[in-house]
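Participant: Submitted below is the structure of interest, expressed as C-alpha cells.
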Amino acid sequence: MRKDVRILLVGEPKVGKTSLIMSLVSEEFPEVVPYRAEEITIPADVTPERVPTHIVDYSEAEQTDEQLYQEISKANVICIVYSVNNKKSIEKVTSHWIPLINERTDKDSRIPLILVGNKSDLVEHSSMETVLTIMNKYSEIETCVECSAKSLKNISELFYYAQKAVLHPTGPLYCPDQKEMRLACVRALTRIFKVSDLDNDGILNDYELTFFQGTCFNTPLAPQALEDVKNVVRKNLSDGVRNNGLTLKGFLFLHTLFIERGRHETTWAVLRRFGYDDNLELHQDFLFPPLKIPPDCTTELNHNTYLFLQSVFDKHDMDRDCALSPEELLDLFDVFPYVPWGLDVNNTVCTNDQGWITYQGYLSQWTLTTFLDVQRCLEYLGYLGYSIIAEQESQTSAITVTRDKKIDLQKKQTQRNVFCCNVFGGIGSGKSSFLLGFLGRNLMCQRAIREEHKSYYAISTAHVYGQEKYLLLHEVFPDFDFLSETDLACDVVCLIYDVSNPCSFEYCAQIFKQYFMDSKIPCMLIAAKSDLPETKQQYCMTPLEFCRKHKMPPPQSFTCNTAAAPSKDIFIKLTTMAMYPHARLRCMCTCNRCTFCLCQNFLNSELVQTVRTKLYTVIFSRHITHADLKSSTFWLRASIGATMCAVLGFAMYRALLRSR
Ligand code: GDP
Ligand code: MG
C-alpha cells in the first residue's frame, strides 16, 4: 500500500479551487479566501482510505509556471476545476489544462485526472453532457464530479474520489476505449478464481464463495447477499451461474460490473489480498517474505504445509489414481506464471508405472525444493495461494527452520526429517543408477530414460525405527578441482566404486582422504554393480582393509540389475547413519547372521511392527469408546504408550551398539 497521496487542484482563476479546500477543512463556505490556500495534510485516520493525504492549491497570481510544473510532477492525482456557470473555464480544460499536464508526464504513467465542476449551486442544469464527451476522449480522466463549495455538496466525495484514483486506479484494470477488462486483470482474476476453486470443478460454490468473501473482505456474506450476487449474474449472462455456483465467466463479469460502476476498489481489494501490486504483478514481498536461515540449519515443510500440499494434490488428481498425469500436472501449475517442474523431476522422485509423479513423489519434490532452495519454495507456495487458503499470516509459516546441526550432534538427537547424502564416485561407477535405484527403478527401467531428462538428485522416504524420514541423494560431479562447499556439506557421504572396474576404487579413496577423513560426516563405501564378477582393485589395500583402517562400515554391495525394484536396505542404513552420525556403526553388513543384522531385522520385523500397532490400537480403542477424548489423561496415556514403543526400540539399539 502507498505511504501517502498528494492531490493538486488546478484550473482557471476564480473557479473556486481555494474555496473548495477551505470548505473541506472548515465544513463551511468561507466568504473571503486568499489567492492560494496553504498546503494541508489530512492525517491517515480521518481519511476514508486511511492514508495521509496532502492537498495542494494553485494560484496563477501567486505562482510561476515553473512552480506549477514542479507541483504537477509531484502530484499523484490532479483535480482540474472549472465553474459550471463559466463556459470558458470548461473549454480551458481541454484546450489548456489536459495538454499542459500530459506534456509533463510519460504516456505510460499518466497521472489520473478528475474533472471538478464547481458552483453547482448557481445553475439549474448540469454540465455532465459536455464533460462526458471529454471523459470519453481522455482515458486518464478517472471520474468527474459536480460540487459546490458554497452548499458543501459533494465536497468530501470529491476528495474521496481523488484519493481512490490514486489508491485504486482503474487504468490497470480496465480499458475505457474497448470497454472491457484488460488482459492482465483477466489473467490475475482467473488465477484467483482457480486458487479459490477448492475442489477444482470450475465453479465457486456457496462454501467457496463464503470463504473467498471472508478472506478478501473480512466480513461474512449474508445468505441473501450471496443469492443477490448470483441473481445479478444470472440476469445478465447465460452461463455465469452453473449448479448454483459462479463460473469463471460469471466471476469475471461481476468484476467488470464493479469496475464499470466505479466500485473498482472491490476488485482491487481482491487483487491485493492475493498479492498483486499496482502493475498487477505478484508483489515481491508476497512471493519472497524475509526468512532468516542461520548457518548449519536446514529448511523443511511443516505438518500443516504438507496438509495444504496434499489438498492441492487431491484437487488436481481428478481420476483419483494417486498420481498426476501430465495434464493434471499442467492444470496444477496453471496458477504459476511458468511450469516449474521439468521432466527431470520425474527422475528425481517416485513415479507410477506410467512414469507419472505419485503422491509420495509429489511431496518428495516439494521437500527437495524446500531443502535446497527455500526461496523458490516460498515463491511456489505463493503461486498456490498458500497463505490465503491455509489462512496463515505469511508464506514463511510454511517453513520449519531446523536447529543448528552442531546442537543435534551435541545432544545426539535430531528432530529433522530430511537428510542429505552426497554421492561420490568416478565416471561410470554407477552413481546415477544408485540414485534411480532409490526410486525403485531397476536397470531395465533406467535404460528407458533419455539423457536430457536425467537428474542429479533423487529423493524418497526411508523408514528408520518406525519413523518416516526423507533421504535426499545428490550425485556430485566427479571433478576433483570443482568441489564446492555445497558438494561437501551433507549429512552422510556415499563413496561408490564399480566392482568390475579395477581402477574405480582409487577415486573413492582419494576423495575420502582429501575431504572426509577428518570430518565428522559419516561415510559409507558402496560396492556397486555387485551382480558383475568382482575384480581386484588397483590400490595399495583392498576396499575392506581401507574401511577397517578408517573405521568405516565394510563396503556395501549394491546392484540395480534386479528383476524387481532394487533393495531399499542400503538407503535405510544411510538414513540411519545420517540421523545418528555419532553412533559409529562398525557393522553395516546385510549378512543376516551377525547380532547386528539379527537385531536390525528384528526391529524392522513385522512382529515388532504388529505389536507396536496393536499397542496403539489397544490404547486408542479402549479410550475412544470408554473415555472422553478431550480428557487429558487419555492423551497422556496414549503418548506414554507411544513413548514406550520408541524407548524400547532405542534401548535395544543402544544395547547392541555397546555390545559391539
Ligand atoms: P480560485 O481562484 O479558483 O481559488 O477561486 P476562489 O476560491 O478564490 O473563488 C472565487 C470566487 O468564487 C469567490 O468569490 C468565491 O466565494 C466564489 N465561489 C467559490 N466556490 C463557490 C461555490 O461553490 N458557489 C458559489 N456560488 N460561489 C463560489
Ligand atoms: Mg485561489
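How things are named: the first chain in the C-alpha cells is A, the next is B, and so on; residues count from 1 in each chain; ligands count from 1 in the order shown.
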Find the residues of chain A that sit at most 6 Å from ligand 2; for each, write down the nearest two atoms and how far apart they are in Å, to one decimal. Count only C-alpha atoms and all ligand atoms. Sort by chain, then by number going up, and give it as CSV.

Facilitator:
```
residue,atom,partner,partner_atom_place_in_ligand_line,distance
A:Lys17,CA,ligand 2,1 (Mg),5.5
A:Thr18,CA,ligand 2,1 (Mg),4.3
A:Tyr35,CA,ligand 2,1 (Mg),3.9
A:Arg36,CA,ligand 2,1 (Mg),4.4
A:Ser59,CA,ligand 2,1 (Mg),5.2
```

Participant: Please write out the residues within 10 Å of ligand 1 as a PyMOL selection string, counting only C-alpha atoms and all ligand atoms.

Facilitator: chain A and resi 9-23+29-37+57-61+81-85+117-123+146-153+155

Participant: Let me make sure I understand: among A:Phe336, A:Ala509, A:Glu393, A:His453, which one has the smallest atom-to-atom distance to Glu545 (chain A) if we use only C-alpha atoms?

Facilitator: A:Ala509

Participant: Which residue gives the smallest distance to His582 (chain A) among A:Lys568, A:Lys529, A:Lys520, A:Lys549, with only C-alpha atoms counted?

Facilitator: A:Lys520

Participant: Per residue of region 480-588 of chain A within 12 Å of region 465-474 of chain A, note the shortest atom pair and the distance in Å to one decimal, counting only C-alpha atoms, and order the rows by chain and increasing residue number, as JSON lines.

Facilitator:
```
{"residue": "A:Thr486", "atom": "CA", "partner": "A:His474", "partner_atom": "CA", "distance": 10.2}
{"residue": "A:Asp487", "atom": "CA", "partner": "A:His474", "partner_atom": "CA", "distance": 8.4}
{"residue": "A:Leu488", "atom": "CA", "partner": "A:His474", "partner_atom": "CA", "distance": 10.5}
{"residue": "A:Ala489", "atom": "CA", "partner": "A:His474", "partner_atom": "CA", "distance": 10.8}
{"residue": "A:Cys490", "atom": "CA", "partner": "A:His474", "partner_atom": "CA", "distance": 9.2}
{"residue": "A:Asp491", "atom": "CA", "partner": "A:Leu471", "partner_atom": "CA", "distance": 9.8}
{"residue": "A:Val492", "atom": "CA", "partner": "A:Leu473", "partner_atom": "CA", "distance": 9.5}
{"residue": "A:Val493", "atom": "CA", "partner": "A:Leu473", "partner_atom": "CA", "distance": 9.4}
{"residue": "A:Cys494", "atom": "CA", "partner": "A:Leu473", "partner_atom": "CA", "distance": 9.1}
{"residue": "A:Leu495", "atom": "CA", "partner": "A:His474", "partner_atom": "CA", "distance": 11.8}
{"residue": "A:Lys568", "atom": "CA", "partner": "A:Leu471", "partner_atom": "CA", "distance": 11.6}
{"residue": "A:Ile570", "atom": "CA", "partner": "A:Leu471", "partner_atom": "CA", "distance": 11.5}
{"residue": "A:Phe571", "atom": "CA", "partner": "A:Leu471", "partner_atom": "CA", "distance": 7.7}
{"residue": "A:Ile572", "atom": "CA", "partner": "A:Leu471", "partner_atom": "CA", "distance": 8.7}
{"residue": "A:Lys573", "atom": "CA", "partner": "A:Leu471", "partner_atom": "CA", "distance": 10.6}
{"residue": "A:Leu574", "atom": "CA", "partner": "A:Leu471", "partner_atom": "CA", "distance": 8.2}
{"residue": "A:Thr575", "atom": "CA", "partner": "A:Leu471", "partner_atom": "CA", "distance": 6.2}
{"residue": "A:Thr576", "atom": "CA", "partner": "A:Tyr465", "partner_atom": "CA", "distance": 8.7}
{"residue": "A:Met577", "atom": "CA", "partner": "A:Leu471", "partner_atom": "CA", "distance": 11.0}
{"residue": "A:Ala578", "atom": "CA", "partner": "A:Leu471", "partner_atom": "CA", "distance": 8.9}
{"residue": "A:Met579", "atom": "CA", "partner": "A:Lys469", "partner_atom": "CA", "distance": 9.3}
{"residue": "A:Tyr580", "atom": "CA", "partner": "A:Tyr465", "partner_atom": "CA", "distance": 11.8}
```

Participant: So that I have them on file, write out the residues from the current selection with N, CA and C atoms, as a PDB file, in the first residue's frame.

Facilitator:
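Below you can see part.pdb, which holds the result:
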```
ATOM      1  N   THR A 486      28.889 -26.709  -1.186  1.00  0.00           N
ATOM      2  CA  THR A 486      27.640 -27.474  -1.167  1.00  0.00           C
ATOM      3  C   THR A 486      27.868 -28.927  -1.561  1.00  0.00           C
ATOM      4  N   ASP A 487      28.916 -29.174  -2.374  1.00  0.00           N
ATOM      5  CA  ASP A 487      29.207 -30.566  -2.730  1.00  0.00           C
ATOM      6  C   ASP A 487      29.671 -31.338  -1.500  1.00  0.00           C
ATOM      7  N   LEU A 488      30.231 -30.620  -0.550  1.00  0.00           N
ATOM      8  CA  LEU A 488      30.816 -31.292   0.609  1.00  0.00           C
ATOM      9  C   LEU A 488      29.877 -31.284   1.813  1.00  0.00           C
ATOM     10  N   ALA A 489      28.990 -30.282   1.883  1.00  0.00           N
ATOM     11  CA  ALA A 489      28.090 -30.208   3.037  1.00  0.00           C
ATOM     12  C   ALA A 489      26.944 -31.200   2.881  1.00  0.00           C
ATOM     13  N   CYS A 490      26.834 -32.115   3.810  1.00  0.00           N
ATOM     14  CA  CYS A 490      25.735 -33.091   3.765  1.00  0.00           C
ATOM     15  C   CYS A 490      25.707 -33.832   5.104  1.00  0.00           C
ATOM     16  N   ASP A 491      24.788 -34.765   5.239  1.00  0.00           N
ATOM     17  CA  ASP A 491      24.661 -35.497   6.499  1.00  0.00           C
ATOM     18  C   ASP A 491      25.336 -36.849   6.458  1.00  0.00           C
ATOM     19  N   VAL A 492      25.482 -37.385   5.268  1.00  0.00           N
ATOM     20  CA  VAL A 492      26.158 -38.667   5.120  1.00  0.00           C
ATOM     21  C   VAL A 492      26.758 -38.705   3.715  1.00  0.00           C
ATOM     22  N   VAL A 493      27.891 -39.395   3.605  1.00  0.00           N
ATOM     23  CA  VAL A 493      28.587 -39.443   2.316  1.00  0.00           C
ATOM     24  C   VAL A 493      28.570 -40.868   1.787  1.00  0.00           C
ATOM     25  N   CYS A 494      28.336 -40.992   0.500  1.00  0.00           N
ATOM     26  CA  CYS A 494      28.366 -42.281  -0.167  1.00  0.00           C
ATOM     27  C   CYS A 494      29.522 -42.277  -1.148  1.00  0.00           C
ATOM     28  N   LEU A 495      30.417 -43.257  -1.031  1.00  0.00           N
ATOM     29  CA  LEU A 495      31.517 -43.357  -1.986  1.00  0.00           C
ATOM     30  C   LEU A 495      31.285 -44.620  -2.800  1.00  0.00           C
ATOM     31  N   LYS A 568      15.975 -51.770  -0.808  1.00  0.00           N
ATOM     32  CA  LYS A 568      15.992 -50.442  -0.160  1.00  0.00           C
ATOM     33  C   LYS A 568      16.886 -50.422   1.079  1.00  0.00           C
ATOM     34  N   ILE A 570      20.037 -50.492   1.792  1.00  0.00           N
ATOM     35  CA  ILE A 570      21.170 -49.585   1.878  1.00  0.00           C
ATOM     36  C   ILE A 570      20.707 -48.148   2.166  1.00  0.00           C
ATOM     37  N   PHE A 571      19.543 -47.793   1.635  1.00  0.00           N
ATOM     38  CA  PHE A 571      19.062 -46.421   1.824  1.00  0.00           C
ATOM     39  C   PHE A 571      18.564 -46.203   3.256  1.00  0.00           C
ATOM     40  N   ILE A 572      18.031 -47.272   3.826  1.00  0.00           N
ATOM     41  CA  ILE A 572      17.628 -47.186   5.235  1.00  0.00           C
ATOM     42  C   ILE A 572      18.875 -47.015   6.105  1.00  0.00           C
ATOM     43  N   LYS A 573      19.923 -47.753   5.748  1.00  0.00           N
ATOM     44  CA  LYS A 573      21.175 -47.627   6.518  1.00  0.00           C
ATOM     45  C   LYS A 573      21.753 -46.231   6.402  1.00  0.00           C
ATOM     46  N   LEU A 574      21.732 -45.701   5.194  1.00  0.00           N
ATOM     47  CA  LEU A 574      22.279 -44.347   5.002  1.00  0.00           C
ATOM     48  C   LEU A 574      21.489 -43.330   5.826  1.00  0.00           C
ATOM     49  N   THR A 575      20.178 -43.484   5.816  1.00  0.00           N
ATOM     50  CA  THR A 575      19.354 -42.547   6.587  1.00  0.00           C
ATOM     51  C   THR A 575      19.657 -42.688   8.070  1.00  0.00           C
ATOM     52  N   THR A 576      19.813 -43.938   8.521  1.00  0.00           N
ATOM     53  CA  THR A 576      20.141 -44.169   9.929  1.00  0.00           C
ATOM     54  C   THR A 576      21.460 -43.489  10.282  1.00  0.00           C
ATOM     55  N   MET A 577      22.448 -43.645   9.415  1.00  0.00           N
ATOM     56  CA  MET A 577      23.748 -43.016   9.678  1.00  0.00           C
ATOM     57  C   MET A 577      23.621 -41.496   9.711  1.00  0.00           C
ATOM     58  N   ALA A 578      22.779 -40.970   8.826  1.00  0.00           N
ATOM     59  CA  ALA A 578      22.598 -39.514   8.788  1.00  0.00           C
ATOM     60  C   ALA A 578      21.924 -39.030  10.070  1.00  0.00           C
ATOM     61  N   MET A 579      20.989 -39.841  10.594  1.00  0.00           N
ATOM     62  CA  MET A 579      20.268 -39.438  11.803  1.00  0.00           C
ATOM     63  C   MET A 579      21.122 -39.581  13.049  1.00  0.00           C
ATOM     64  N   TYR A 580      21.950 -40.613  13.059  1.00  0.00           N
ATOM     65  CA  TYR A 580      22.779 -40.882  14.252  1.00  0.00           C
ATOM     66  C   TYR A 580      24.240 -40.893  13.860  1.00  0.00           C
TER      67      TYR A 580
END
```

Participant: Where does DSSP see strand (DSSP E) in region 54-193 of chain A, if you list the residues as a VMD selection string?

Facilitator: chain A and resid 54 to 56 77 to 83 113 to 118 141 to 146 174 to 175 180 to 181

Participant: Got a sec: who's within 8 Å of Tyr383 (chain A), counting only C-alpha atoms, leaving out chain neighbours fewer than 3 positions off, as a VMD selection string?

Facilitator: chain A and resid 287 335 to 336 379 to 380 386
